[in-house]
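Structure, as structure tokens:
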Amino acid sequence: MAATVAPRRSRFPLREGRIAFLFIAPLFIGFVVFNLFPLLYSIFLSLVNFNSFGEVKVNEFMGLKNYLRAFNDRLALESFAKSFLFSLIYLVGIIALSLLAALLLNRKLYLRTASRTMIYMPYVANVVAIGIVWSIVLNPFGGPVNTLLKLAGVPGPALPEWLIGVKSALPSVAGIKIWQNLAFQTIVYLAALQDVPRELYECAQIDGAGGWRRFFRITLPMISPTTFFLIVVTVIGSFNSMAIVKVLTNGGPGNSTRIITLFIYEQAVKYSYYSYANALACILFVLLLIITLIQWKAQERWVHY
Amino acid sequence: MRRILYIGFAALLLLPVTAFAGGSQEKQDAEEKVVTVFASSKEMADNTWKLRNDAFEKLTGIRVDLQLVPGSEDDFYDKTDIAVMGGDTTDTIRLTNPLNTAHYVGSGFLLPLDDMLKKAGYNADAVFGKFLKRQGGKLFSLPYEQSMHAVYYNKKIFNDAGVPYPKAPWTWDDYVSTAKKLTNKDKGIYGSYFVLDQGWEYYDYMLARQRGVSAYKPDGSSNYDDPAFKEAMKFIYDLGETYNVQPTYKEYLANKYTWDTWAATGKFGMICIGSWFTGLLTDPVTYPRDWDWGIIETPAAGPNGKNNLNAGGVWAVLKNAKHPQNGVRYITYVSENWFQAGGGIPARVNLTPQEVQGILGGIADKSNGSVSIADLDAALMHNTLGVVDEKITGAKVKEYSDIIGREAQLYLSGAESLDDAVKNIKSQADKALLSK
């Protein structure tokens, strides 16, 4: 009987696998330590009693009590609503304006390089400096904007109150955040616009298509993957607006700009309701996940790859 | 050969680690004569802090290392909370009002001082006596001042308007009528100034405090449906919106006014504030001025409101302190001697009447002739008023104060009626106070 000899397996793939693991290890370890563990720990904290300073009462399992509390907390619900409103204003504003800016910068424009540099400056500016400058610019009592509006004939009572008005504060903060972050969206759009083949426009022009038609039938569909990407990151980024809100209005006047991230921060840091704050953060995470999934599903209808 | 290379490479990697280890050891040795103190950016630049710490270093040879807590003053304690929770080893902290003190003691963030003071041979009772506050029989902090309120006034504004200086005893009605005479909006002069920032909510219920009305009912719920609170909040609103004697809340926000604007600008006639304010008015470096100031006792809130407001700040040693014994030495020094550089009235019982007069004399001297010892004594020490706590104290007081502050903001900015504001405070506070 002839002995069967198992084919000798090459050690190379195993060795290659180990080397590959070494390459991804820094990222993987970083992900586990800085993303996965905090996420799981946050979920854990939201289920136990850590609503005061001191030790975490691990044995005091609270189940969904912290989550249910959020749905009975008028201020928390209002903060979620304000965040969604803020997100909507920010999303519509920044997508429209960044596309417009990219279209302008994509043309042969006088001082194009200078314009590109200037549009990028707010993006690298310090948020505190932005807060101070805009507080001065939008001061309703003698600030430059309202002074100009007054000179243009806008009557005193109709002058906007900007950051100190209960109704105007949230849109004002969203507007400032649009100004601050316009550069990123513009540059991404600019890159997308430069990737649209010139021939398509030339063919359309020969066929007699006008400027608007070319924009809606060629430009928008061709840059739709970029638009989709920007919408997803903008929506997620819009919920991460605590710094600018804190600097400009600190949630006020009253609760008018108390967005959910600021509310979560206050619950944790100010009142020591760590479990409640973590429950709110988990709810926010789930809501953002749902929004992103809806966007992902909906993109099949309008994004052209 | 390869092994040698590996060992060499590993040694190269470890080199910085050993260098750090050496540095750490050196640092540890040096830090034996160090005390670390949390300080805001404003305090870092404050001349009185520098003078005080220089004096401490000279006396003890212990270096004072200020640990900057960046950001606005409003966030100071939010950030120190996180730092302490995260294991920060800063030694000492100044807690400026009873809300912060209660929060820090309740959170277990402070070291009990009794044993450490004993070890240092320091008799706190003999120095601070009745001003010491023990929690559960333990001492966690030392008071550095008794902050009695008074009205400070700008003599130049009075002189320019031809208005005689106010005389005690007086009431808030007298205050308003005086402020009206001083206000000259064309020149940017207002007769009155109240700090309306977050954290100064106590002005919204100041009149109720003066009348001794509790913020809590016997069952632990909010007492904000007591008419005294409504009247108190309306008073602050009326100063800006009805009497026009101070900036409206919106003007206050838009112009970024703050707690030291009165001292820094010289554009306001009067301010009612704690005696720590003498520190600003006797500090020509941080607050240079070309006008004189006066002082008079706090106006009474009617016949049943003849009380002055008092609050005291404290110094404490933090639970993770790296140099707790140095911390104790520091807080005993600054608590005893805060007034030397910063003004104010010390919370000490071991001072003779002559020494008290000497302290007042120190303030008077530094005022460059603005006020006399008699003025200070009459306003702060021997006035016609009783004493009540400036802030509400009790269960969940931080949340309660923030609820009051938020609703007051809405009322003061015209977004909510007075009735709604008071109703909302009551309902929100009840929810917070009565929940577990």
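Ordered as shown in the structure tokens, chains take letters A, B, and onward, while each chain numbers its residues from 1 and ligands are numbered from 1 in the order shown.
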(message) List as a list in words the protein and nucleic acid residues near Gly131 of chain A, meaning an atom at most 8 Å away when only C-alpha atoms are counted, but skip any in the same chain fewer than 2 places from it.
(response)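 Result of the neighbour search: Val127, Val128, Ala129, Val133, Trp134, Ser135, Ile244, Val247 and Leu248 of chain A.
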Please produce an output containing C-alpha atoms for each residue in the selection, written as an mmCIF file, in the first residue's frame.
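Written output follows (again-v4.cif):
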```cif
data_model
loop_
_atom_site.group_PDB
_atom_site.id
_atom_site.type_symbol
_atom_site.label_atom_id
_atom_site.label_comp_id
_atom_site.auth_asym_id
_atom_site.auth_seq_id
_atom_site.Cartn_x
_atom_site.Cartn_y
_atom_site.Cartn_z
ATOM 1 C CA VAL A 127 -13.835 78.425 16.397
ATOM 2 C CA VAL A 128 -13.462 80.857 19.321
ATOM 3 C CA ALA A 129 -12.135 83.553 16.998
ATOM 4 C CA VAL A 133 -15.854 88.038 15.165
ATOM 5 C CA TRP A 134 -19.404 87.043 14.301
ATOM 6 C CA SER A 135 -20.736 88.254 17.658
ATOM 7 C CA ILE A 244 -19.837 76.628 17.563
ATOM 8 C CA VAL A 247 -19.111 79.770 21.661
ATOM 9 C CA LEU A 248 -21.854 81.795 19.984
#
```
Up to 7 Å from chain A, what residues of chain B turn up? Count only C-alpha atoms and give them as a PDB file with N, CA and C atoms, in the first residue's frame.
```pdb
ATOM      1  N   ASP B  78     -17.126  72.987  35.034  1.00  0.00           N
ATOM      2  CA  ASP B  78     -17.438  71.812  34.208  1.00  0.00           C
ATOM      3  C   ASP B  78     -16.137  71.107  33.833  1.00  0.00           C
ATOM      4  N   SER B 107     -19.776  65.256  45.689  1.00  0.00           N
ATOM      5  CA  SER B 107     -19.190  64.340  44.707  1.00  0.00           C
ATOM      6  C   SER B 107     -17.972  63.595  45.240  1.00  0.00           C
ATOM      7  N   GLY B 108     -17.571  63.932  46.456  1.00  0.00           N
ATOM      8  CA  GLY B 108     -16.405  63.261  47.033  1.00  0.00           C
ATOM      9  C   GLY B 108     -15.104  63.690  46.376  1.00  0.00           C
ATOM     10  N   LYS B 250     -30.995  91.960  26.120  1.00  0.00           N
ATOM     11  CA  LYS B 250     -30.478  91.768  24.758  1.00  0.00           C
ATOM     12  C   LYS B 250     -29.246  92.630  24.509  1.00  0.00           C
ATOM     13  N   GLU B 251     -29.284  93.859  25.007  1.00  0.00           N
ATOM     14  CA  GLU B 251     -28.099  94.728  24.858  1.00  0.00           C
ATOM     15  C   GLU B 251     -26.912  94.133  25.616  1.00  0.00           C
ATOM     16  N   LEU B 253     -26.305  90.983  26.224  1.00  0.00           N
ATOM     17  CA  LEU B 253     -25.750  89.854  25.463  1.00  0.00           C
ATOM     18  C   LEU B 253     -24.976  90.336  24.238  1.00  0.00           C
ATOM     19  N   ALA B 254     -25.614  91.242  23.499  1.00  0.00           N
ATOM     20  CA  ALA B 254     -25.023  91.676  22.228  1.00  0.00           C
ATOM     21  C   ALA B 254     -23.687  92.379  22.439  1.00  0.00           C
ATOM     22  N   GLU B 399     -29.162  72.170  39.202  1.00  0.00           N
ATOM     23  CA  GLU B 399     -30.214  72.054  38.194  1.00  0.00           C
ATOM     24  C   GLU B 399     -31.273  73.121  38.386  1.00  0.00           C
ATOM     25  N   ARG B 406     -32.458  79.723  32.804  1.00  0.00           N
ATOM     26  CA  ARG B 406     -32.970  79.570  31.432  1.00  0.00           C
ATOM     27  C   ARG B 406     -34.296  80.294  31.244  1.00  0.00           C
ATOM     28  N   GLU B 407     -35.205  80.088  32.192  1.00  0.00           N
ATOM     29  CA  GLU B 407     -36.523  80.714  32.055  1.00  0.00           C
ATOM     30  C   GLU B 407     -36.411  82.228  32.213  1.00  0.00           C
ATOM     31  N   GLN B 409     -33.901  83.985  31.270  1.00  0.00           N
ATOM     32  CA  GLN B 409     -33.382  84.477  29.982  1.00  0.00           C
ATOM     33  C   GLN B 409     -34.532  84.688  28.992  1.00  0.00           C
ATOM     34  N   LEU B 410     -35.446  83.710  28.953  1.00  0.00           N
ATOM     35  CA  LEU B 410     -36.567  83.823  28.010  1.00  0.00           C
ATOM     36  C   LEU B 410     -37.457  85.003  28.376  1.00  0.00           C
ATOM     37  N   ALA B 415     -39.241  86.684  25.175  1.00  0.00           N
ATOM     38  CA  ALA B 415     -39.782  85.522  24.476  1.00  0.00           C
ATOM     39  C   ALA B 415     -40.827  84.792  25.310  1.00  0.00           C
TER      40      ALA B 415
END
```
(request) Once DSSP has gone over the backbone, tell me which residues of segment 166-400 of chain B are in strand (DSSP E), as a PyMOL selection string. (result) chain B and resi 190-193+268-274+293-297+307-311+314-317+386-389
Dump of N, CA and C atoms for the selected residues, as an mmCIF file, in the first residue's frame:
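And here's result-v5.cif as it stands now:
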```cif
data_model
loop_
_atom_site.group_PDB
_atom_site.id
_atom_site.type_symbol
_atom_site.label_atom_id
_atom_site.label_comp_id
_atom_site.auth_asym_id
_atom_site.auth_seq_id
_atom_site.Cartn_x
_atom_site.Cartn_y
_atom_site.Cartn_z
ATOM 1 N N TYR B 190 -25.341 104.538 31.985
ATOM 2 C CA TYR B 190 -26.504 103.946 32.636
ATOM 3 C C TYR B 190 -26.349 104.098 34.149
ATOM 4 N N GLY B 191 -27.478 104.290 34.829
ATOM 5 C CA GLY B 191 -27.424 104.478 36.278
ATOM 6 C C GLY B 191 -27.165 103.186 37.034
ATOM 7 N N SER B 192 -27.537 102.063 36.439
ATOM 8 C CA SER B 192 -27.484 100.777 37.161
ATOM 9 C C SER B 192 -26.796 99.712 36.317
ATOM 10 N N TYR B 193 -26.256 98.709 37.000
ATOM 11 C CA TYR B 193 -25.672 97.569 36.295
ATOM 12 C C TYR B 193 -25.876 96.318 37.143
ATOM 13 N N PHE B 268 -21.132 103.059 34.219
ATOM 14 C CA PHE B 268 -22.351 102.706 34.947
ATOM 15 C C PHE B 268 -22.323 103.339 36.334
ATOM 16 N N GLY B 269 -23.490 103.827 36.767
ATOM 17 C CA GLY B 269 -23.548 104.556 38.028
ATOM 18 C C GLY B 269 -23.391 103.669 39.247
ATOM 19 N N MET B 270 -24.173 102.574 39.322
ATOM 20 C CA MET B 270 -24.185 101.754 40.535
ATOM 21 C C MET B 270 -24.195 100.265 40.188
ATOM 22 N N ILE B 271 -23.671 99.497 41.114
ATOM 23 C CA ILE B 271 -23.745 98.033 41.008
ATOM 24 C C ILE B 271 -23.881 97.464 42.411
ATOM 25 N N CYS B 272 -24.758 96.460 42.567
ATOM 26 C CA CYS B 272 -24.911 95.783 43.861
ATOM 27 C C CYS B 272 -24.219 94.426 43.745
ATOM 28 N N ILE B 273 -23.165 94.243 44.526
ATOM 29 C CA ILE B 273 -22.346 93.038 44.343
ATOM 30 C C ILE B 273 -21.565 92.744 45.618
ATOM 31 N N GLY B 274 -20.971 91.555 45.704
ATOM 32 C CA GLY B 274 -20.271 91.131 46.917
ATOM 33 C C GLY B 274 -19.012 91.937 47.205
ATOM 34 N N TRP B 293 -14.754 105.970 43.477
ATOM 35 C CA TRP B 293 -15.938 105.164 43.752
ATOM 36 C C TRP B 293 -16.363 105.319 45.212
ATOM 37 N N GLY B 294 -17.622 105.051 45.453
ATOM 38 C CA GLY B 294 -18.146 105.077 46.810
ATOM 39 C C GLY B 294 -18.833 103.773 47.124
ATOM 40 N N ILE B 295 -19.215 103.588 48.369
ATOM 41 C CA ILE B 295 -19.876 102.339 48.763
ATOM 42 C C ILE B 295 -20.970 102.648 49.772
ATOM 43 N N ILE B 296 -22.068 101.935 49.650
ATOM 44 C CA ILE B 296 -23.198 102.112 50.558
ATOM 45 C C ILE B 296 -23.892 100.767 50.733
ATOM 46 N N GLU B 297 -24.563 100.588 51.849
ATOM 47 C CA GLU B 297 -25.194 99.291 52.102
ATOM 48 C C GLU B 297 -26.243 98.956 51.043
ATOM 49 N N ASN B 307 -32.625 92.727 54.654
ATOM 50 C CA ASN B 307 -31.519 91.773 54.791
ATOM 51 C C ASN B 307 -30.475 92.001 53.708
ATOM 52 N N ASN B 308 -29.236 91.775 54.083
ATOM 53 C CA ASN B 308 -28.168 91.840 53.092
ATOM 54 C C ASN B 308 -27.856 90.424 52.603
ATOM 55 N N LEU B 309 -27.253 90.344 51.437
ATOM 56 C CA LEU B 309 -26.921 89.040 50.860
ATOM 57 C C LEU B 309 -25.469 88.705 51.162
ATOM 58 N N ASN B 310 -25.240 87.460 51.504
ATOM 59 C CA ASN B 310 -23.881 87.041 51.847
ATOM 60 C C ASN B 310 -23.565 85.694 51.206
ATOM 61 N N ALA B 311 -22.365 85.564 50.704
ATOM 62 C CA ALA B 311 -21.889 84.265 50.220
ATOM 63 C C ALA B 311 -20.384 84.249 50.434
ATOM 64 N N VAL B 314 -14.475 79.478 49.109
ATOM 65 C CA VAL B 314 -13.582 78.639 49.921
ATOM 66 C C VAL B 314 -12.432 78.110 49.060
ATOM 67 N N TRP B 315 -11.398 77.671 49.745
ATOM 68 C CA TRP B 315 -10.317 76.930 49.110
ATOM 69 C C TRP B 315 -10.340 75.494 49.624
ATOM 70 N N ALA B 316 -9.981 74.558 48.755
ATOM 71 C CA ALA B 316 -10.019 73.153 49.158
ATOM 72 C C ALA B 316 -8.890 72.375 48.491
ATOM 73 N N VAL B 317 -8.581 71.207 49.074
ATOM 74 C CA VAL B 317 -7.570 70.311 48.503
ATOM 75 C C VAL B 317 -8.302 69.180 47.786
ATOM 76 N N GLY B 386 -30.019 92.744 58.269
ATOM 77 C CA GLY B 386 -29.684 91.391 58.696
ATOM 78 C C GLY B 386 -28.921 90.696 57.571
ATOM 79 N N VAL B 387 -28.691 89.384 57.706
ATOM 80 C CA VAL B 387 -27.913 88.659 56.686
ATOM 81 C C VAL B 387 -28.664 87.400 56.243
ATOM 82 N N VAL B 388 -28.731 87.202 54.930
ATOM 83 C CA VAL B 388 -29.265 85.938 54.378
ATOM 84 C C VAL B 388 -28.281 85.417 53.332
ATOM 85 N N ASP B 389 -28.389 84.116 53.031
ATOM 86 C CA ASP B 389 -27.527 83.547 51.990
ATOM 87 C C ASP B 389 -27.907 84.134 50.632
#
```
(message) Can you measure atom CA of Ala179 of chain B to atom CA of Lys155 of chain B for me? One decimal in Å is fine.
(response)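 Computing it gives 12.8 Å between the two atoms.
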(request) Output as a PyMOL selection string all residues of segment 38-158 of chain A that backbone DSSP marks as alpha helix (DSSP H). (result) chain A and resi 38-47+65-71+74-105+112-124+127-137+144-151
Could the residues in this selection be saved with C-alpha atoms as a PDB file, in the first residue's frame?
```
ATOM      1  CA  PRO A  38     -16.020  53.574  23.940  1.00  0.00           C
ATOM      2  CA  LEU A  39     -19.147  52.694  21.981  1.00  0.00           C
ATOM      3  CA  LEU A  40     -19.735  49.501  23.935  1.00  0.00           C
ATOM      4  CA  TYR A  41     -18.853  51.218  27.217  1.00  0.00           C
ATOM      5  CA  SER A  42     -21.291  53.997  26.400  1.00  0.00           C
ATOM      6  CA  ILE A  43     -24.065  51.446  25.846  1.00  0.00           C
ATOM      7  CA  PHE A  44     -23.092  49.750  29.109  1.00  0.00           C
ATOM      8  CA  LEU A  45     -23.188  53.048  31.023  1.00  0.00           C
ATOM      9  CA  SER A  46     -26.619  53.852  29.621  1.00  0.00           C
ATOM     10  CA  LEU A  47     -27.965  50.650  31.164  1.00  0.00           C
ATOM     11  CA  LYS A  65     -35.105  53.459  32.284  1.00  0.00           C
ATOM     12  CA  ASN A  66     -32.605  56.043  31.066  1.00  0.00           C
ATOM     13  CA  TYR A  67     -33.948  55.660  27.525  1.00  0.00           C
ATOM     14  CA  LEU A  68     -37.566  55.994  28.623  1.00  0.00           C
ATOM     15  CA  ARG A  69     -36.646  59.067  30.625  1.00  0.00           C
ATOM     16  CA  ALA A  70     -35.563  60.769  27.392  1.00  0.00           C
ATOM     17  CA  PHE A  71     -39.011  60.356  25.904  1.00  0.00           C
ATOM     18  CA  ARG A  74     -39.575  67.864  27.214  1.00  0.00           C
ATOM     19  CA  LEU A  75     -36.201  69.609  27.060  1.00  0.00           C
ATOM     20  CA  ALA A  76     -34.515  66.542  25.558  1.00  0.00           C
ATOM     21  CA  LEU A  77     -37.208  66.186  22.894  1.00  0.00           C
ATOM     22  CA  GLU A  78     -36.982  69.911  22.113  1.00  0.00           C
ATOM     23  CA  SER A  79     -33.219  69.587  21.794  1.00  0.00           C
ATOM     24  CA  PHE A  80     -33.587  66.713  19.318  1.00  0.00           C
ATOM     25  CA  ALA A  81     -36.082  68.806  17.327  1.00  0.00           C
ATOM     26  CA  LYS A  82     -33.713  71.791  17.334  1.00  0.00           C
ATOM     27  CA  SER A  83     -30.880  69.585  16.127  1.00  0.00           C
ATOM     28  CA  PHE A  84     -32.966  68.333  13.216  1.00  0.00           C
ATOM     29  CA  LEU A  85     -33.990  71.877  12.296  1.00  0.00           C
ATOM     30  CA  PHE A  86     -30.376  73.022  12.556  1.00  0.00           C
ATOM     31  CA  SER A  87     -29.293  70.081  10.409  1.00  0.00           C
ATOM     32  CA  LEU A  88     -31.893  70.860   7.753  1.00  0.00           C
ATOM     33  CA  ILE A  89     -30.921  74.540   7.489  1.00  0.00           C
ATOM     34  CA  TYR A  90     -27.244  73.659   7.445  1.00  0.00           C
ATOM     35  CA  LEU A  91     -27.608  70.869   4.891  1.00  0.00           C
ATOM     36  CA  VAL A  92     -29.682  72.824   2.392  1.00  0.00           C
ATOM     37  CA  GLY A  93     -27.560  75.935   2.821  1.00  0.00           C
ATOM     38  CA  ILE A  94     -24.155  74.355   2.552  1.00  0.00           C
ATOM     39  CA  ILE A  95     -24.954  72.022  -0.355  1.00  0.00           C
ATOM     40  CA  ALA A  96     -26.522  74.815  -2.398  1.00  0.00           C
ATOM     41  CA  LEU A  97     -23.842  77.387  -1.629  1.00  0.00           C
ATOM     42  CA  SER A  98     -20.880  75.048  -2.007  1.00  0.00           C
ATOM     43  CA  LEU A  99     -22.159  73.890  -5.401  1.00  0.00           C
ATOM     44  CA  LEU A 100     -22.627  77.482  -6.447  1.00  0.00           C
ATOM     45  CA  ALA A 101     -19.143  78.412  -5.221  1.00  0.00           C
ATOM     46  CA  ALA A 102     -17.617  75.395  -6.973  1.00  0.00           C
ATOM     47  CA  LEU A 103     -19.375  76.278 -10.242  1.00  0.00           C
ATOM     48  CA  LEU A 104     -17.995  79.808 -10.015  1.00  0.00           C
ATOM     49  CA  LEU A 105     -14.498  78.680  -9.106  1.00  0.00           C
ATOM     50  CA  ARG A 112      -9.434  82.649  -9.096  1.00  0.00           C
ATOM     51  CA  THR A 113      -6.481  81.468  -6.968  1.00  0.00           C
ATOM     52  CA  ALA A 114      -7.043  84.241  -4.431  1.00  0.00           C
ATOM     53  CA  SER A 115     -10.755  83.383  -4.293  1.00  0.00           C
ATOM     54  CA  ARG A 116      -9.973  79.722  -3.706  1.00  0.00           C
ATOM     55  CA  THR A 117      -7.606  80.646  -0.882  1.00  0.00           C
ATOM     56  CA  MET A 118     -10.079  83.024   0.719  1.00  0.00           C
ATOM     57  CA  ILE A 119     -12.898  80.531   0.662  1.00  0.00           C
ATOM     58  CA  TYR A 120     -10.657  78.097   2.517  1.00  0.00           C
ATOM     59  CA  MET A 121      -9.639  80.495   5.290  1.00  0.00           C
ATOM     60  CA  PRO A 122     -12.709  80.136   7.566  1.00  0.00           C
ATOM     61  CA  TYR A 123     -12.230  76.366   7.474  1.00  0.00           C
ATOM     62  CA  VAL A 124      -8.877  76.621   9.235  1.00  0.00           C
ATOM     63  CA  VAL A 127     -13.835  78.425  16.397  1.00  0.00           C
ATOM     64  CA  VAL A 128     -13.462  80.857  19.321  1.00  0.00           C
ATOM     65  CA  ALA A 129     -12.135  83.553  16.998  1.00  0.00           C
ATOM     66  CA  ILE A 130     -15.044  82.888  14.659  1.00  0.00           C
ATOM     67  CA  GLY A 131     -17.432  83.267  17.599  1.00  0.00           C
ATOM     68  CA  ILE A 132     -15.953  86.587  18.676  1.00  0.00           C
ATOM     69  CA  VAL A 133     -15.854  88.038  15.165  1.00  0.00           C
ATOM     70  CA  TRP A 134     -19.404  87.043  14.301  1.00  0.00           C
ATOM     71  CA  SER A 135     -20.736  88.254  17.658  1.00  0.00           C
ATOM     72  CA  ILE A 136     -19.350  91.681  16.794  1.00  0.00           C
ATOM     73  CA  VAL A 137     -20.458  91.599  13.164  1.00  0.00           C
ATOM     74  CA  PRO A 144     -21.846  96.553  11.043  1.00  0.00           C
ATOM     75  CA  VAL A 145     -24.506  94.323   9.467  1.00  0.00           C
ATOM     76  CA  ASN A 146     -27.463  95.997  11.115  1.00  0.00           C
ATOM     77  CA  THR A 147     -25.915  99.428  10.574  1.00  0.00           C
ATOM     78  CA  LEU A 148     -25.754  98.684   6.840  1.00  0.00           C
ATOM     79  CA  LEU A 149     -29.316  97.359   6.856  1.00  0.00           C
ATOM     80  CA  LYS A 150     -30.416 100.519   8.637  1.00  0.00           C
ATOM     81  CA  LEU A 151     -28.659 102.667   6.040  1.00  0.00           C
TER      82      LEU A 151
END
```
(message) At a cut-off of 9 Å, using only C-alpha atoms, what residues contact segment 115-123 of chain B? Leave out same-chain residues fewer than 4 positions from it and give the result as a ChimeraX atom specification.
(response) /B:127-128,324-325,328-329,332
Selection to disk with C-alpha atoms, as a compact mmCIF listing (two decimals), in the first residue's frame:
```
# COMPACT_ATOMS: atom_id res chain seq x y z
CA VAL B 127 -8.66 81.24 62.71
CA PHE B 128 -12.00 80.85 60.95
CA PRO B 324 -1.75 67.29 49.58
CA GLN B 325 0.33 68.64 52.42
CA VAL B 328 -3.01 72.37 52.84
CA ARG B 329 -0.22 74.86 53.43
CA THR B 332 -4.33 78.01 54.83
```
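Note that the spacing between atom CA of Leu110 of chain B and atom CA of Ala124 of chain B amounts to 16.8 Å.
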(request) Grab the atom CA of Pro303 of chain B to atom CA of Tyr216 of chain B distance for me, in Å with one decimal place. (result)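 Separation of atom CA of Pro303 of chain B and atom CA of Tyr216 of chain B: 22.8 Å.
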(message) What's around segment 373-380 of chain B at 10 Å? Count only C-alpha atoms, leave out sequence neighbours fewer than 3 positions away in its own chain, and write the answer as a PyMOL selection string.
(response) chain B and resi 146-152+168-169+274-275+278+294-298+308+344-345+356-365+370+383-385
(message) Could you list, as a ChimeraX atom specification, every residue within 9 Å of Lys267 of chain B, counting only C-alpha atoms and ignoring same-chain residues fewer than 2 positions away?
(response) /B:154,157,187-191,261-265,269
Write out, as a Markdown table, each residue of segment 234-262 of chain A that has an atom at most 9 Å from segment 176-187 of chain A, together with the closest pair of atoms and their distance in Å to one decimal, counting only C-alpha atoms, rows going by chain and rising number.
```
| residue | atom | partner | partner_atom | distance |
| --- | --- | --- | --- | --- |
| A:Thr234 | CA | A:Gln185 | CA | 8.7 |
| A:Ser238 | CA | A:Lys177 | CA | 8.8 |
| A:Ser241 | CA | A:Lys177 | CA | 8.2 |
| A:Ile244 | CA | A:Lys177 | CA | 7.3 |
```
(message) With distances taken over only C-alpha atoms, which residue among B:Met85, B:Gly327, B:Asn97, B:Asn255 lies nearest Tyr274 of chain A?
(response)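 The closest residue to Tyr274 of chain A is B:Met85.
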(request) Tell me which protein, DNA and RNA residues are within 9 Å of Thr292 of chain A, counting only C-alpha atoms, leaving out same-chain ones fewer than 5 positions away, and put them as a PyMOL selection string. (result) chain A and resi 232+235-236+287+297
